Amino acid sequence: MAGEETSSGGAQETWTVAGRTFRSRLIIGTGKYADYAQNAAAAEAAGAEIVTVALRRVNLSDPARPMLADFLKPDRFTYLPNTAGCYTGEDAVRTLRLAREAGGWDLVKLEVLSDTPHLLPDMEETLRALKMLVAEGFQVMVYCSDDPVYARKLEEAGAAAIMPAAAPIGSGRGIQNALNLGLILEQSKVPVLVDAGVGTASDAVIAMEMGCDAVLMNTAIAEAKDPIRMADAMKHAVIAGRQAFLAGRMAQRRYGDASSPLAGRI
C-alpha cells in the first residue's frame, strides 16, 4: 500500500508480539479525545492496528451510552485491554479476568501505577501481577519503568513485551533516559515499545531510531490542537524512525569531513 513502511528490498516489514503480526508500529490509546468519533478518526489517520483500551474508563457494554466498538470496530482494530487506574496487583488481575470474560481477550497490557503525582509504575506490584497473569494464560505486554534490571525480571517472568516509560504518563517530555532505554533494547529478546511520555513527532522518531519495535501514545495525539493532523504526523514519524534505524546512521565525528574529495581540485 502506498506510503507504508518497507524494507530496502521493498517488502512490507512487520513485527510480532505474542504470536500476532502487525504492520503498523504505532499503537494509540482511547482516552482524552473529545468523543469516540474523533478517537476513531485519529486511529485511522495514524494507520494504527492496535488500540489500547482502559477497561475502567471506556464504555464497552452499556448500549444506552456511546460505545467504543461502534466507532473503533473490533474487526478493524485489535483491542489491547489495559489496567489503567489500578494500584495493586489484585486490582489489575481482577480487571483483566473481567476483560477475558467479556471479550475473550488474552493479549493484554498490564500497568500498576504508584499512587503519586508522577504516576510512574509500581514495579514490585507490576512484577507480582505479571506472574499471576502468566500463570492464568494471559499474554502480557508490560508497562514499566526504564530500569534495565526490572525489565530483565519481567522478561524472565514471561512478559510478551517490555514497555518502558519515556517519561511520566501524559507529561509529553519525550525520552528522558536514553542510556537506560538503550540498555533495555540491547538485552531484550521480546519486543520493546516506548510507552508514555511522547509529546511530539520527533520523540517518536528518536524511539524508533534507537531500535524500539513500536511506540504507544495517547495524550500526544488526543491533546494536540489538531489531533487528526498529529496522528498523521506520528504515523510518518514512526515510519521515518524505523527506516533510519534499518538504514544505519553515519558515524558521528568530532571534526568536519568535506563532502567533496580534496584530491584533484582545480
# chains A, B, ... in the order shown; residues from 1 in each chain; ligands from 1

call {"tool": "closest_atom_pairs", "arguments": {"of": "segment 124-180 of chain A", "to": "segment 211-222 of chain A", "cutoff": "9 Å", "atoms": "only C-alpha atoms", "output": "Markdown table"}}
result
| residue | atom | partner | partner_atom | distance |
| --- | --- | --- | --- | --- |
| A:Met163 | CA | A:Leu216 | CA | 8.6 |
| A:Ile169 | CA | A:Thr219 | CA | 8.2 |
| A:Gly170 | CA | A:Thr219 | CA | 5.5 |
| A:Ser171 | CA | A:Thr219 | CA | 8.4 |
| A:Gly172 | CA | A:Ala220 | CA | 6.5 |

call {"tool": "write_last_selection", "arguments": {"atoms": "N, CA, C and O atoms", "output": "PDB file, in the first residue's frame"}}
result
ATOM      1  N   MET A 163       7.553  -2.482  27.970  1.00  0.00           N
ATOM      2  CA  MET A 163       7.065  -1.176  27.536  1.00  0.00           C
ATOM      3  C   MET A 163       7.515  -0.086  28.511  1.00  0.00           C
ATOM      4  O   MET A 163       6.736   0.407  29.326  1.00  0.00           O
ATOM      5  N   ILE A 169       3.494   9.476  32.450  1.00  0.00           N
ATOM      6  CA  ILE A 169       2.290   9.441  31.616  1.00  0.00           C
ATOM      7  C   ILE A 169       1.736  10.850  31.423  1.00  0.00           C
ATOM      8  O   ILE A 169       1.540  11.589  32.387  1.00  0.00           O
ATOM      9  N   GLY A 170       1.473  11.212  30.180  1.00  0.00           N
ATOM     10  CA  GLY A 170       0.838  12.496  29.892  1.00  0.00           C
ATOM     11  C   GLY A 170       1.727  13.705  30.024  1.00  0.00           C
ATOM     12  O   GLY A 170       1.260  14.836  29.874  1.00  0.00           O
ATOM     13  N   SER A 171       3.032  13.493  30.287  1.00  0.00           N
ATOM     14  CA  SER A 171       3.926  14.638  30.504  1.00  0.00           C
ATOM     15  C   SER A 171       4.400  15.263  29.201  1.00  0.00           C
ATOM     16  O   SER A 171       4.754  16.441  29.159  1.00  0.00           O
ATOM     17  N   GLY A 172       4.474  14.468  28.125  1.00  0.00           N
ATOM     18  CA  GLY A 172       4.928  14.988  26.836  1.00  0.00           C
ATOM     19  C   GLY A 172       6.386  15.406  26.805  1.00  0.00           C
ATOM     20  O   GLY A 172       6.785  16.185  25.942  1.00  0.00           O
TER      21      GLY A 172
END

call {"tool": "residues_around", "arguments": {"residues": "segment 97-107 of chain A", "least_positions_apart": "2", "cutoff": "12 Å", "atoms": "only C-alpha atoms", "output": "compact mmCIF listing (two decimals) with C-alpha atoms, in the first residue's frame"}}
result
# COMPACT_ATOMS: atom_id res chain seq x y z
CA VAL A 17 4.16 -9.86 19.66
CA ALA A 18 2.75 -12.97 21.37
CA GLY A 19 2.41 -14.71 18.00
CA ARG A 20 0.39 -11.88 16.43
CA ILE A 50 -3.86 -1.81 17.80
CA VAL A 51 -5.76 0.45 20.19
CA THR A 52 -5.28 0.17 23.92
CA VAL A 53 -8.46 0.34 25.96
CA ALA A 54 -8.69 1.41 29.61
CA LEU A 55 -11.30 -1.03 30.84
CA ARG A 56 -12.21 1.10 33.84
CA LEU A 60 -17.75 -1.34 26.17
CA SER A 61 -21.12 -2.69 27.27
CA ALA A 69 -16.97 -0.54 19.45
CA PRO A 74 -13.22 -4.70 16.65
CA THR A 78 -7.02 -5.21 17.74
CA TYR A 79 -8.15 -4.18 21.19
CA LEU A 80 -5.43 -4.23 23.83
CA PRO A 81 -7.22 -4.07 27.21
CA ASN A 82 -5.19 -2.30 29.88
CA THR A 83 -5.36 -1.86 33.61
CA GLU A 90 -5.01 -7.87 42.69
CA ASP A 91 -6.94 -5.00 41.07
CA ALA A 92 -5.04 -5.46 37.81
CA VAL A 93 -5.58 -9.22 37.70
CA ARG A 94 -9.28 -8.86 38.55
CA THR A 95 -9.73 -6.26 35.80
CA LYS A 109 -1.43 -4.54 28.71
CA LEU A 110 -0.53 -4.54 32.38
CA MET A 132 -0.25 -14.16 38.40
CA LEU A 133 -1.45 -13.31 34.89
CA VAL A 134 1.08 -15.53 33.12
CA GLU A 136 -3.54 -17.88 34.15
CA GLY A 137 -2.57 -17.99 30.48
CA PHE A 138 -2.58 -14.29 29.63
CA GLN A 139 -0.10 -12.87 27.13
CA VAL A 140 1.06 -9.70 28.83
CA MET A 141 2.64 -6.56 27.45
CA VAL A 142 4.01 -4.75 30.49
CA ALA A 159 6.29 -10.80 29.62
CA ALA A 160 5.30 -10.79 25.94
CA ALA A 161 6.67 -7.26 25.51

call {"tool": "atom_distance", "arguments": {"atom1": "atom CA of Asn180 of chain A", "atom2": "atom CA of Arg128 of chain A"}}
result
22.4 Å

call {"tool": "atom_distance", "arguments": {"atom1": "atom CA of Glu124 of chain A", "atom2": "atom CA of Gly31 of chain A"}}
result
26.2 Å

call {"tool": "residues_around", "arguments": {"residues": "Ile175 of chain A", "least_positions_apart": "5", "cutoff": "8 Å", "atoms": "only C-alpha atoms", "output": "list in words"}}
result
Ala166, Ala167, Gly197, Val198, Asp203 and Ala207 of chain A

call {"tool": "residues_around", "arguments": {"residues": "Asp115 of chain A", "least_positions_apart": "2", "cutoff": "10 Å", "atoms": "only C-alpha atoms", "output": "PyMOL selection string"}}
result
chain A and resi 85-88+112-113+117-122

call {"tool": "select_by_dssp", "arguments": {"residues": "segment 43-114 of chain A", "states": "alpha helix (DSSP H)", "output": "JSON, numbers by chain"}}
result
{"A": [43, 44, 45, 46, 89, 90, 91, 92, 93, 94, 95, 96, 97, 98, 99, 100, 101, 102, 103]}

call {"tool": "closest_residue", "arguments": {"among": "A:Tyr36, A:Glu156, A:Glu44, A:Thr16", "to": "Asn59 of chain A", "atoms": "only C-alpha atoms"}}
result
A:Tyr36

call {"tool": "atom_distance", "arguments": {"atom1": "atom CA of Leu96 of chain A", "atom2": "atom CA of Val108 of chain A"}}
result
7.5 Å

call {"tool": "residues_around", "arguments": {"residues": "Leu183 of chain A", "least_positions_apart": "5", "cutoff": "12 Å", "atoms": "only C-alpha atoms", "output": "list of chain:residue names"}}
result
A:Asp146, A:Asp147, A:Pro148, A:Val149, A:Tyr150, A:Ala151, A:Arg152, A:Pro164, A:Asn177, A:Ala178, A:Ser188, A:Val192, A:Met210, A:Gly211, A:Cys212

call {"tool": "closest_residue", "arguments": {"among": "A:Arg229, A:Arg173, A:Arg253, A:His236", "to": "Gln38 of chain A", "atoms": "only C-alpha atoms"}}
result
A:Arg229

call {"tool": "select_by_dssp", "arguments": {"residues": "segment 156-196 of chain A", "states": "strand (DSSP E or B)", "output": "number ranges by chain"}}
result
A: 161-164, 192-195

call {"tool": "closest_residue", "arguments": {"among": "A:Ala34, A:Ala64, A:Cys144, A:Met208", "to": "Ala244 of chain A", "atoms": "only C-alpha atoms"}}
result
A:Met208

call {"tool": "closest_residue", "arguments": {"among": "A:Glu125, A:Glu13, A:Glu209, A:Glu49", "to": "Ile27 of chain A", "atoms": "only C-alpha atoms"}}
result
A:Glu49

call {"tool": "residues_around", "arguments": {"residues": "Met230 of chain A", "least_positions_apart": "5", "cutoff": "9 Å", "atoms": "only C-alpha atoms", "output": "NGL selection string"}}
result
:A and (42 or 45-46 or 200-201 or 220-222 or 224-225 or 235)

call {"tool": "closest_residue", "arguments": {"among": "A:Glu111, A:Asp70, A:Thr30, A:Arg25", "to": "Leu193 of chain A", "atoms": "only C-alpha atoms"}}
result
A:Arg25

call {"tool": "decode", "arguments": {"residues": "segment 202-224 of chain A", "atoms": "N, CA and C atoms", "output": "JSON list (two decimals), in the first residue's frame"}}
result
[["chain", "number", "residue", "atom", "x", "y", "z"],
["A", 202, "SER", "N", 9.03, 14.22, 16.85],
["A", 202, "SER", "CA", 10.46, 13.97, 17.00],
["A", 202, "SER", "C", 10.75, 12.97, 18.11],
["A", 203, "ASP", "N", 9.91, 12.93, 19.16],
["A", 203, "ASP", "CA", 10.08, 11.94, 20.23],
["A", 203, "ASP", "C", 9.88, 10.53, 19.69],
["A", 204, "ALA", "N", 8.88, 10.36, 18.83],
["A", 204, "ALA", "CA", 8.61, 9.05, 18.24],
["A", 204, "ALA", "C", 9.74, 8.63, 17.31],
["A", 205, "VAL", "N", 10.27, 9.59, 16.55],
["A", 205, "VAL", "CA", 11.39, 9.29, 15.66],
["A", 205, "VAL", "C", 12.58, 8.77, 16.46],
["A", 206, "ILE", "N", 12.91, 9.45, 17.55],
["A", 206, "ILE", "CA", 14.07, 9.05, 18.36],
["A", 206, "ILE", "C", 13.88, 7.63, 18.91],
["A", 207, "ALA", "N", 12.70, 7.33, 19.41],
["A", 207, "ALA", "CA", 12.44, 5.99, 19.94],
["A", 207, "ALA", "C", 12.67, 4.93, 18.86],
["A", 208, "MET", "N", 12.17, 5.19, 17.67],
["A", 208, "MET", "CA", 12.31, 4.22, 16.59],
["A", 208, "MET", "C", 13.74, 4.14, 16.08],
["A", 209, "GLU", "N", 14.43, 5.27, 16.02],
["A", 209, "GLU", "CA", 15.83, 5.27, 15.60],
["A", 209, "GLU", "C", 16.70, 4.47, 16.56],
["A", 210, "MET", "N", 16.32, 4.45, 17.82],
["A", 210, "MET", "CA", 17.08, 3.68, 18.81],
["A", 210, "MET", "C", 16.88, 2.18, 18.65],
["A", 211, "GLY", "N", 15.81, 1.78, 17.95],
["A", 211, "GLY", "CA", 15.57, 0.37, 17.74],
["A", 211, "GLY", "C", 14.33, -0.18, 18.41],
["A", 212, "CYS", "N", 13.47, 0.68, 18.95],
["A", 212, "CYS", "CA", 12.22, 0.19, 19.53],
["A", 212, "CYS", "C", 11.37, -0.48, 18.46],
["A", 213, "ASP", "N", 10.62, -1.46, 18.86],
["A", 213, "ASP", "CA", 9.77, -2.18, 17.91],
["A", 213, "ASP", "C", 8.51, -1.40, 17.58],
["A", 214, "ALA", "N", 8.06, -0.57, 18.50],
["A", 214, "ALA", "CA", 6.85, 0.23, 18.27],
["A", 214, "ALA", "C", 6.79, 1.32, 19.33],
["A", 215, "VAL", "N", 5.81, 2.21, 19.18],
["A", 215, "VAL", "CA", 5.58, 3.30, 20.13],
["A", 215, "VAL", "C", 4.10, 3.33, 20.45],
["A", 216, "LEU", "N", 3.79, 3.50, 21.74],
["A", 216, "LEU", "CA", 2.40, 3.64, 22.17],
["A", 216, "LEU", "C", 2.22, 5.04, 22.72],
["A", 217, "MET", "N", 1.15, 5.68, 22.33],
["A", 217, "MET", "CA", 0.89, 7.04, 22.81],
["A", 217, "MET", "C", -0.61, 7.31, 22.87],
["A", 218, "ASN", "N", -0.98, 8.25, 23.73],
["A", 218, "ASN", "CA", -2.36, 8.70, 23.82],
["A", 218, "ASN", "C", -2.43, 10.22, 23.88],
["A", 219, "THR", "N", -1.90, 10.79, 24.95],
["A", 219, "THR", "CA", -2.05, 12.23, 25.18],
["A", 219, "THR", "C", -1.43, 13.06, 24.07],
["A", 220, "ALA", "N", -0.30, 12.61, 23.52],
["A", 220, "ALA", "CA", 0.39, 13.39, 22.48],
["A", 220, "ALA", "C", -0.53, 13.65, 21.29],
["A", 221, "ILE", "N", -1.41, 12.72, 21.00],
["A", 221, "ILE", "CA", -2.36, 12.91, 19.90],
["A", 221, "ILE", "C", -3.64, 13.57, 20.42],
["A", 222, "ALA", "N", -4.19, 13.02, 21.49],
["A", 222, "ALA", "CA", -5.50, 13.46, 21.96],
["A", 222, "ALA", "C", -5.51, 14.92, 22.41],
["A", 223, "GLU", "N", -4.38, 15.41, 22.97],
["A", 223, "GLU", "CA", -4.35, 16.78, 23.46],
["A", 223, "GLU", "C", -3.66, 17.74, 22.50],
["A", 224, "ALA", "N", -3.31, 17.28, 21.30],
["A", 224, "ALA", "CA", -2.80, 18.20, 20.29],
["A", 224, "ALA", "C", -3.92, 19.16, 19.87]]
